[in-house]
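J.: This is the structure I have questions about; it appears just below.
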Amino acid sequence: MHRKSALLALAAGVLVAFGAGSAFAQKQTLKMAYWAGPSHHMVQTQEAWAKTVLEASGGNLVIEIDKAPLAKPDGQYDVVKNGVRDLAWHVPGYTAGRFDLFQGPELPFLCPNSTVCSSVLWKWYAKHNLAAKEFTDATLVTAFTTGPFGVHLAKPARTLEEIRALKMRVAGASVPVAKALGWSVATLPATEAYESLQRGVVDGTVFPWEAINSFRLNELAKFHLEIPGGLLTATFMIVGNTKAIDKLTPENKAALMKASGATGSALFGKYWDAADERGRADAKKRNHAIETIVPAELDKWRPLLQVTTDEWIKKAKAKGEDGQKLLDDLKQMIKAASN
């Protein structure tokens with residue numbers, strides 16, 4: 001009897017010692033939505049990020065990325081908010097009015113590259129505690145930006161007047177920019193850029209360089225106009241379903257956060273810049289015409305685009321923030337990070 005009791009006590013001790021370890025080592029999975037298509041570089045980038053989460057968790061937290069789009073680009077946030085998926089790569093420009101503060105870095109001429117602006121976006125947004133106002137029904141996991149947007153055309157155009165004679169595909173953050181410049185536009189998601197160019201519905205589009213490869217536009221757009229600091233920059237987020245994240249063990253949640261935030265922003269920025277470099281290199285290899293807008297011409301664009309900055313400042317004020325102060329700090333942080 002005493003021997004049996006001793007064995008039971010020993011077994012209980014083992015359970016105490018290893019039961020916690022079992023909880024610590026609990027394997028969990030987060031399902032992640034995806035929208036861009038198999039040729040987009042974000043396929044590899046999201047997988048690279050998921051690998052860092054897996055490593056941070058000691059192999060216990062798996063991010064399972066969808067193999068095909070579950071919803072259109074503008075539906076990604078709702079997929080997460082409604083619990084259909086645990087995580088998603090979302091473009092805030094496709095849900096106008098929801099993330100006005102988050103979209104501050106999208107303004108013209110601000111961002112030299114994704115590495116700088118992705119890291120600054122996360123730090124700036126956290127510094128001013130802006131997520132508390134804009135993420136009330138989901139959790140911001142990490143944030144990043146594209147590289148600077150240029151103009152990519154099926155026919156040559158170098159001036160504002162020449163581009164105004166064309167039809168341009170725009171979407172999200174590029175819509176107000178195009179309107180400010182007086183362009184004739186077709187508002188279509190990025191996934192329809194190739195078909196709209198191929199069919200002659202549009203003559204050009206605005207994108208960072210990576211899109212030239214990701215959406216196969218290098219087959220159709222052979223004239224490229226670069227703008228220092230970008231005509232704009234698009235902001236992106238990895239957003240999570242709050243309930244799904246809260247269901248993670250403390251250890252797995254800590255691992256997710258460790259690989260996200262500023263660390264995730266740096267990873268996405270690095271990969272995006274590498275994709276931009278590949279896109280530009282491919283255009284050069286195909287002997288495309290690549291030009292930088294001349295300063296005198298850019299001086300005609302700047303005053304027209306001031307309205308986009310003014311509008312953002314108004315939107316920030318409507319959310320109870322000093323928009324000019326936020327923008328000044330953002331510019332200072334970008335400048336410091338660029339040096």
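We name chains A, B, ... following the order of the structure tokens; residues begin at 1 in each chain, and ligands are numbered from 1 as shown.
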Go through region 55-136 of chain A and flag each residue having an atom no more than 9 Å from region 183-199 of chain A; for those, report the closest pair of atoms plus their distance in Å to one decimal, using only C-alpha atoms, ordered by chain and rising number, as CSV.
T.:
residue,atom,partner,partner_atom,distance
A:Lys72,CA,A:Pro189,CA,8.8
A:Pro73,CA,A:Pro189,CA,7.4
A:Asp74,CA,A:Pro189,CA,8.7
A:Tyr94,CA,A:Pro189,CA,8.6
J.: So which residues of region 286-317 of chain A fall under strand (DSSP E or B) by DSSP, listed as a list in words?
T.: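 DSSP-assigned strand (DSSP E or B) residues in region 286-317 of chain A: Ala289, Ile290, Glu291 and Thr292 of chain A.
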J.: Mind pulling up the distance from CA of Val177 (chain A) to CA of Arg98 (chain A)?
T.: 18.3 Å
J.: Would you mind listing what lies within 12 Å of Asp246 (chain A) as an MDAnalysis selection string, with only C-alpha atoms counted and same-chain residues fewer than 6 positions away left out?
T.: chainID A and resid 30 86 138:139 240 252:254 256:257
J.: Please give the complete set of residues from region 22-139 of chain A that DSSP, run on the backbone, assigns to helix (DSSP H, G or I), formatted as a ChimeraX atom specification.
T.: /A:22-24,42-56,73-81,92-94,104-106,114-127,131-134
J.: For the interface of region 43-122 of chain A with region 268-288 of chain A (cut-off 10 Å, counting only C-alpha atoms), please tabulate each contacting residue of region 43-122 of chain A alongside its nearest pair of atoms and their separation in Å to one decimal, rows sorted by chain and increasing number, as a Markdown table.
T.:
| residue | atom | partner | partner_atom | distance |
| --- | --- | --- | --- | --- |
| A:Gln44 | CA | A:Tyr271 | CA | 9.0 |
| A:Thr45 | CA | A:Tyr271 | CA | 6.4 |
| A:Gln46 | CA | A:Phe268 | CA | 8.3 |
| A:Ala48 | CA | A:Phe268 | CA | 9.1 |
| A:Trp49 | CA | A:Phe268 | CA | 7.8 |
| A:Asn113 | CA | A:Asp273 | CA | 6.7 |
| A:Ser114 | CA | A:Gly269 | CA | 4.7 |
| A:Thr115 | CA | A:Gly269 | CA | 4.1 |
| A:Val116 | CA | A:Gly269 | CA | 7.3 |
| A:Cys117 | CA | A:Gly269 | CA | 7.6 |
| A:Ser118 | CA | A:Gly269 | CA | 5.4 |
| A:Ser119 | CA | A:Gly269 | CA | 7.4 |
J.: Okay, now the selection with all heavy atoms, as a PDB file, in the first residue's frame?
T.:
ATOM      1  N   GLN A  44       6.662  34.477 -50.714  1.00  0.00           N
ATOM      2  CA  GLN A  44       7.901  34.107 -50.036  1.00  0.00           C
ATOM      3  C   GLN A  44       8.125  34.928 -48.765  1.00  0.00           C
ATOM      4  O   GLN A  44       8.612  34.419 -47.757  1.00  0.00           O
ATOM      5  CB  GLN A  44       9.100  34.293 -50.970  1.00  0.00           C
ATOM      6  CG  GLN A  44       9.173  33.303 -52.127  1.00  0.00           C
ATOM      7  CD  GLN A  44       8.173  33.626 -53.237  1.00  0.00           C
ATOM      8  OE1 GLN A  44       7.927  34.793 -53.528  1.00  0.00           O
ATOM      9  NE2 GLN A  44       7.633  32.594 -53.861  1.00  0.00           N
ATOM     10  N   THR A  45       7.723  36.200 -48.807  1.00  0.00           N
ATOM     11  CA  THR A  45       7.952  37.072 -47.654  1.00  0.00           C
ATOM     12  C   THR A  45       7.108  36.638 -46.457  1.00  0.00           C
ATOM     13  O   THR A  45       7.604  36.578 -45.325  1.00  0.00           O
ATOM     14  CB  THR A  45       7.643  38.537 -48.013  1.00  0.00           C
ATOM     15  OG1 THR A  45       8.442  38.914 -49.138  1.00  0.00           O
ATOM     16  CG2 THR A  45       7.961  39.454 -46.854  1.00  0.00           C
ATOM     17  N   GLN A  46       5.851  36.328 -46.686  1.00  0.00           N
ATOM     18  CA  GLN A  46       5.001  35.870 -45.588  1.00  0.00           C
ATOM     19  C   GLN A  46       5.511  34.539 -45.027  1.00  0.00           C
ATOM     20  O   GLN A  46       5.472  34.320 -43.818  1.00  0.00           O
ATOM     21  CB  GLN A  46       3.553  35.726 -46.056  1.00  0.00           C
ATOM     22  CG  GLN A  46       2.829  37.056 -46.189  1.00  0.00           C
ATOM     23  CD  GLN A  46       1.409  36.888 -46.700  1.00  0.00           C
ATOM     24  OE1 GLN A  46       1.145  37.048 -47.869  1.00  0.00           O
ATOM     25  NE2 GLN A  46       0.485  36.589 -45.809  1.00  0.00           N
ATOM     26  N   ALA A  48       8.611  33.589 -45.019  1.00  0.00           N
ATOM     27  CA  ALA A  48       9.824  33.900 -44.255  1.00  0.00           C
ATOM     28  C   ALA A  48       9.457  34.426 -42.871  1.00  0.00           C
ATOM     29  O   ALA A  48      10.088  34.071 -41.867  1.00  0.00           O
ATOM     30  CB  ALA A  48      10.670  34.927 -45.011  1.00  0.00           C
ATOM     31  N   TRP A  49       8.424  35.275 -42.817  1.00  0.00           N
ATOM     32  CA  TRP A  49       7.986  35.792 -41.528  1.00  0.00           C
ATOM     33  C   TRP A  49       7.399  34.670 -40.665  1.00  0.00           C
ATOM     34  O   TRP A  49       7.691  34.584 -39.462  1.00  0.00           O
ATOM     35  CB  TRP A  49       6.941  36.894 -41.723  1.00  0.00           C
ATOM     36  CG  TRP A  49       6.372  37.385 -40.437  1.00  0.00           C
ATOM     37  CD1 TRP A  49       7.023  38.074 -39.450  1.00  0.00           C
ATOM     38  CD2 TRP A  49       5.031  37.193 -39.962  1.00  0.00           C
ATOM     39  NE1 TRP A  49       6.166  38.335 -38.391  1.00  0.00           N
ATOM     40  CE2 TRP A  49       4.939  37.810 -38.684  1.00  0.00           C
ATOM     41  CE3 TRP A  49       3.900  36.586 -40.503  1.00  0.00           C
ATOM     42  CZ2 TRP A  49       3.765  37.812 -37.945  1.00  0.00           C
ATOM     43  CZ3 TRP A  49       2.728  36.590 -39.760  1.00  0.00           C
ATOM     44  CH2 TRP A  49       2.665  37.193 -38.502  1.00  0.00           C
ATOM     45  N   ASN A 113      12.652  54.396 -49.056  1.00  0.00           N
ATOM     46  CA  ASN A 113      12.601  52.955 -49.309  1.00  0.00           C
ATOM     47  C   ASN A 113      11.754  52.284 -48.231  1.00  0.00           C
ATOM     48  O   ASN A 113      11.376  52.899 -47.231  1.00  0.00           O
ATOM     49  CB  ASN A 113      14.010  52.342 -49.360  1.00  0.00           C
ATOM     50  CG  ASN A 113      14.804  52.631 -48.091  1.00  0.00           C
ATOM     51  OD1 ASN A 113      14.413  52.262 -46.998  1.00  0.00           O
ATOM     52  ND2 ASN A 113      15.933  53.327 -48.260  1.00  0.00           N
ATOM     53  N   SER A 114      11.495  51.013 -48.425  1.00  0.00           N
ATOM     54  CA  SER A 114      10.636  50.285 -47.496  1.00  0.00           C
ATOM     55  C   SER A 114      11.337  49.981 -46.179  1.00  0.00           C
ATOM     56  O   SER A 114      10.699  49.979 -45.120  1.00  0.00           O
ATOM     57  CB  SER A 114      10.154  48.983 -48.141  1.00  0.00           C
ATOM     58  OG  SER A 114       9.332  48.246 -47.266  1.00  0.00           O
ATOM     59  N   THR A 115      12.639  49.714 -46.228  1.00  0.00           N
ATOM     60  CA  THR A 115      13.369  49.389 -44.999  1.00  0.00           C
ATOM     61  C   THR A 115      13.232  50.511 -43.976  1.00  0.00           C
ATOM     62  O   THR A 115      12.927  50.273 -42.805  1.00  0.00           O
ATOM     63  CB  THR A 115      14.856  49.138 -45.305  1.00  0.00           C
ATOM     64  OG1 THR A 115      14.962  48.017 -46.193  1.00  0.00           O
ATOM     65  CG2 THR A 115      15.631  48.840 -44.036  1.00  0.00           C
ATOM     66  N   VAL A 116      13.460  51.726 -44.421  1.00  0.00           N
ATOM     67  CA  VAL A 116      13.352  52.885 -43.529  1.00  0.00           C
ATOM     68  C   VAL A 116      11.918  53.098 -43.080  1.00  0.00           C
ATOM     69  O   VAL A 116      11.616  53.197 -41.882  1.00  0.00           O
ATOM     70  CB  VAL A 116      13.893  54.164 -44.216  1.00  0.00           C
ATOM     71  CG1 VAL A 116      13.461  55.416 -43.453  1.00  0.00           C
ATOM     72  CG2 VAL A 116      15.404  54.107 -44.329  1.00  0.00           C
ATOM     73  N   CYS A 117      10.996  53.174 -44.030  1.00  0.00           N
ATOM     74  CA  CYS A 117       9.629  53.581 -43.705  1.00  0.00           C
ATOM     75  C   CYS A 117       8.821  52.512 -42.992  1.00  0.00           C
ATOM     76  O   CYS A 117       7.922  52.837 -42.210  1.00  0.00           O
ATOM     77  CB  CYS A 117       8.923  54.067 -44.966  1.00  0.00           C
ATOM     78  SG  CYS A 117       9.580  55.660 -45.502  1.00  0.00           S
ATOM     79  N   SER A 118       9.133  51.250 -43.215  1.00  0.00           N
ATOM     80  CA  SER A 118       8.434  50.188 -42.488  1.00  0.00           C
ATOM     81  C   SER A 118       8.750  50.267 -41.001  1.00  0.00           C
ATOM     82  O   SER A 118       7.853  50.220 -40.150  1.00  0.00           O
ATOM     83  CB  SER A 118       8.830  48.816 -43.037  1.00  0.00           C
ATOM     84  OG  SER A 118       8.357  48.647 -44.354  1.00  0.00           O
ATOM     85  N   SER A 119      10.037  50.391 -40.686  1.00  0.00           N
ATOM     86  CA  SER A 119      10.442  50.476 -39.284  1.00  0.00           C
ATOM     87  C   SER A 119       9.902  51.743 -38.627  1.00  0.00           C
ATOM     88  O   SER A 119       9.427  51.717 -37.486  1.00  0.00           O
ATOM     89  CB  SER A 119      11.969  50.432 -39.171  1.00  0.00           C
ATOM     90  OG  SER A 119      12.456  49.169 -39.550  1.00  0.00           O
TER      91      SER A 119
END
J.: When you look at Gln28 (chain A) with a cut-off of 8 Å (counting only C-alpha atoms), what residues show up, excluding the ones that are within fewer than 4 positions of it in the same chain? I need them as a PyMOL selection string.
T.: chain A and resi 60-62+248+252
J.: Need the shell around Trp122 (chain A): protein/DNA/RNA residues with any atom at most 8 Å away, counting only C-alpha atoms. Skip same-chain ones fewer than 6 positions apart. Format as a PyMOL selection string?
T.: chain A and resi 142-144+261-262+265
J.: How would the residues just chosen look if you wrote them out with N, CA, C and O atoms as a PDB file, in the first residue's frame?
T.:
ATOM      1  N   THR A 142       1.824  43.612 -37.007  1.00  0.00           N
ATOM      2  CA  THR A 142       3.002  44.338 -37.486  1.00  0.00           C
ATOM      3  C   THR A 142       2.584  45.256 -38.623  1.00  0.00           C
ATOM      4  O   THR A 142       1.470  45.173 -39.129  1.00  0.00           O
ATOM      5  N   ALA A 143       3.491  46.157 -39.007  1.00  0.00           N
ATOM      6  CA  ALA A 143       3.176  47.181 -40.007  1.00  0.00           C
ATOM      7  C   ALA A 143       4.367  47.366 -40.929  1.00  0.00           C
ATOM      8  O   ALA A 143       5.515  47.242 -40.509  1.00  0.00           O
ATOM      9  N   PHE A 144       4.084  47.680 -42.197  1.00  0.00           N
ATOM     10  CA  PHE A 144       5.179  47.930 -43.132  1.00  0.00           C
ATOM     11  C   PHE A 144       4.667  48.742 -44.312  1.00  0.00           C
ATOM     12  O   PHE A 144       3.467  48.993 -44.439  1.00  0.00           O
ATOM     13  N   GLY A 261       5.710  43.234 -34.514  1.00  0.00           N
ATOM     14  CA  GLY A 261       6.084  44.577 -34.116  1.00  0.00           C
ATOM     15  C   GLY A 261       7.228  45.134 -34.935  1.00  0.00           C
ATOM     16  O   GLY A 261       7.272  44.991 -36.157  1.00  0.00           O
ATOM     17  N   ALA A 262       8.212  45.720 -34.260  1.00  0.00           N
ATOM     18  CA  ALA A 262       9.362  46.325 -34.945  1.00  0.00           C
ATOM     19  C   ALA A 262      10.195  45.288 -35.682  1.00  0.00           C
ATOM     20  O   ALA A 262      10.720  45.553 -36.771  1.00  0.00           O
ATOM     21  N   SER A 265       8.344  44.429 -38.866  1.00  0.00           N
ATOM     22  CA  SER A 265       8.424  45.566 -39.792  1.00  0.00           C
ATOM     23  C   SER A 265       9.764  45.583 -40.515  1.00  0.00           C
ATOM     24  O   SER A 265       9.836  45.830 -41.723  1.00  0.00           O
TER      25      SER A 265
END
J.: Measuring atom to atom with only C-alpha atoms, identify which of A:Asp100, A:Glu106, A:Pro69, A:Gly58 is nearest to Lys314 (chain A).
T.: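 Closest candidate: A:Asp100.
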J.: Just want the 10 Å neighbourhood of region 301-303 of chain A, counted on only C-alpha atoms, with same-chain residues fewer than 5 positions away dropped. Output as a PyMOL selection string.
T.: chain A and resi 108-109+159-160+180-181+231+295-296
J.: With N, CA and C atoms retained, export the selected residues as a compact mmCIF listing (two decimals), in the first residue's frame.
T.:
# COMPACT_ATOMS: atom_id res chain seq x y z
N PRO A 108 2.87 62.00 -50.40
CA PRO A 108 3.90 62.12 -51.44
C PRO A 108 5.27 62.55 -50.91
N PHE A 109 6.29 61.98 -51.54
CA PHE A 109 7.70 62.38 -51.38
C PHE A 109 8.28 62.09 -50.00
N THR A 159 5.62 64.31 -68.71
CA THR A 159 5.10 65.51 -68.07
C THR A 159 3.68 65.30 -67.59
N LEU A 160 3.24 66.20 -66.74
CA LEU A 160 1.88 66.14 -66.22
C LEU A 160 0.86 66.20 -67.34
N ALA A 180 -5.72 64.63 -57.43
CA ALA A 180 -5.06 65.92 -57.19
C ALA A 180 -4.27 66.37 -58.42
N LEU A 181 -3.74 65.39 -59.17
CA LEU A 181 -2.95 65.71 -60.35
C LEU A 181 -3.81 65.88 -61.60
N LEU A 231 5.89 59.03 -55.55
CA LEU A 231 4.64 59.76 -55.75
C LEU A 231 3.73 59.54 -54.55
N PRO A 295 13.59 68.03 -62.09
CA PRO A 295 13.18 68.92 -61.00
C PRO A 295 12.15 69.98 -61.41
N ALA A 296 12.34 70.58 -62.58
CA ALA A 296 11.40 71.63 -63.01
C ALA A 296 9.99 71.07 -63.20
J.: Counting only C-alpha atoms, figure out which residue out of A:Glu321, A:Gly200, A:Ala244, A:Glu226 gets nearest to Gly83 (chain A).
T.: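 That would be A:Ala244, the residue with the smallest distance to Gly83 (chain A).
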J.: Quick one: residues within 10 Å of Phe236 (chain A), only C-alpha atoms, excluding same-chain residues fewer than 2 positions away - as a list in words?
T.: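 Selected residues are Trp89, His90, Val91, Pro92, Gly93, Phe102, Gln103, Ser118, Leu121, Thr142, Ala143, Phe144, Thr145, Thr146, Thr233, Ala234, Ile238, Val239, Ser265 and Phe268 of chain A.
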J.: I need the residue nearest Ala259 (chain A) from this list: A:Lys51, A:Asp329, A:Pro38, A:Val43. Use only C-alpha atoms for the distance.
T.: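 For Ala259 (chain A), the nearest of the given residues is A:Lys51.
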J.: Find the residue from A:Ala211, A:Val170, A:Met333, A:Leu101 that sits nearest to Ala132 (chain A); use only C-alpha atoms when measuring.
T.: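 Under the stated criterion, the closest residue is A:Leu101.
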J.: One decimal, in Å: what's the spacing between CA of Leu107 (chain A) and CA of Gly75 (chain A)?
T.: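 Value for the CA of Leu107 (chain A)-CA of Gly75 (chain A) distance: 23.5 Å.
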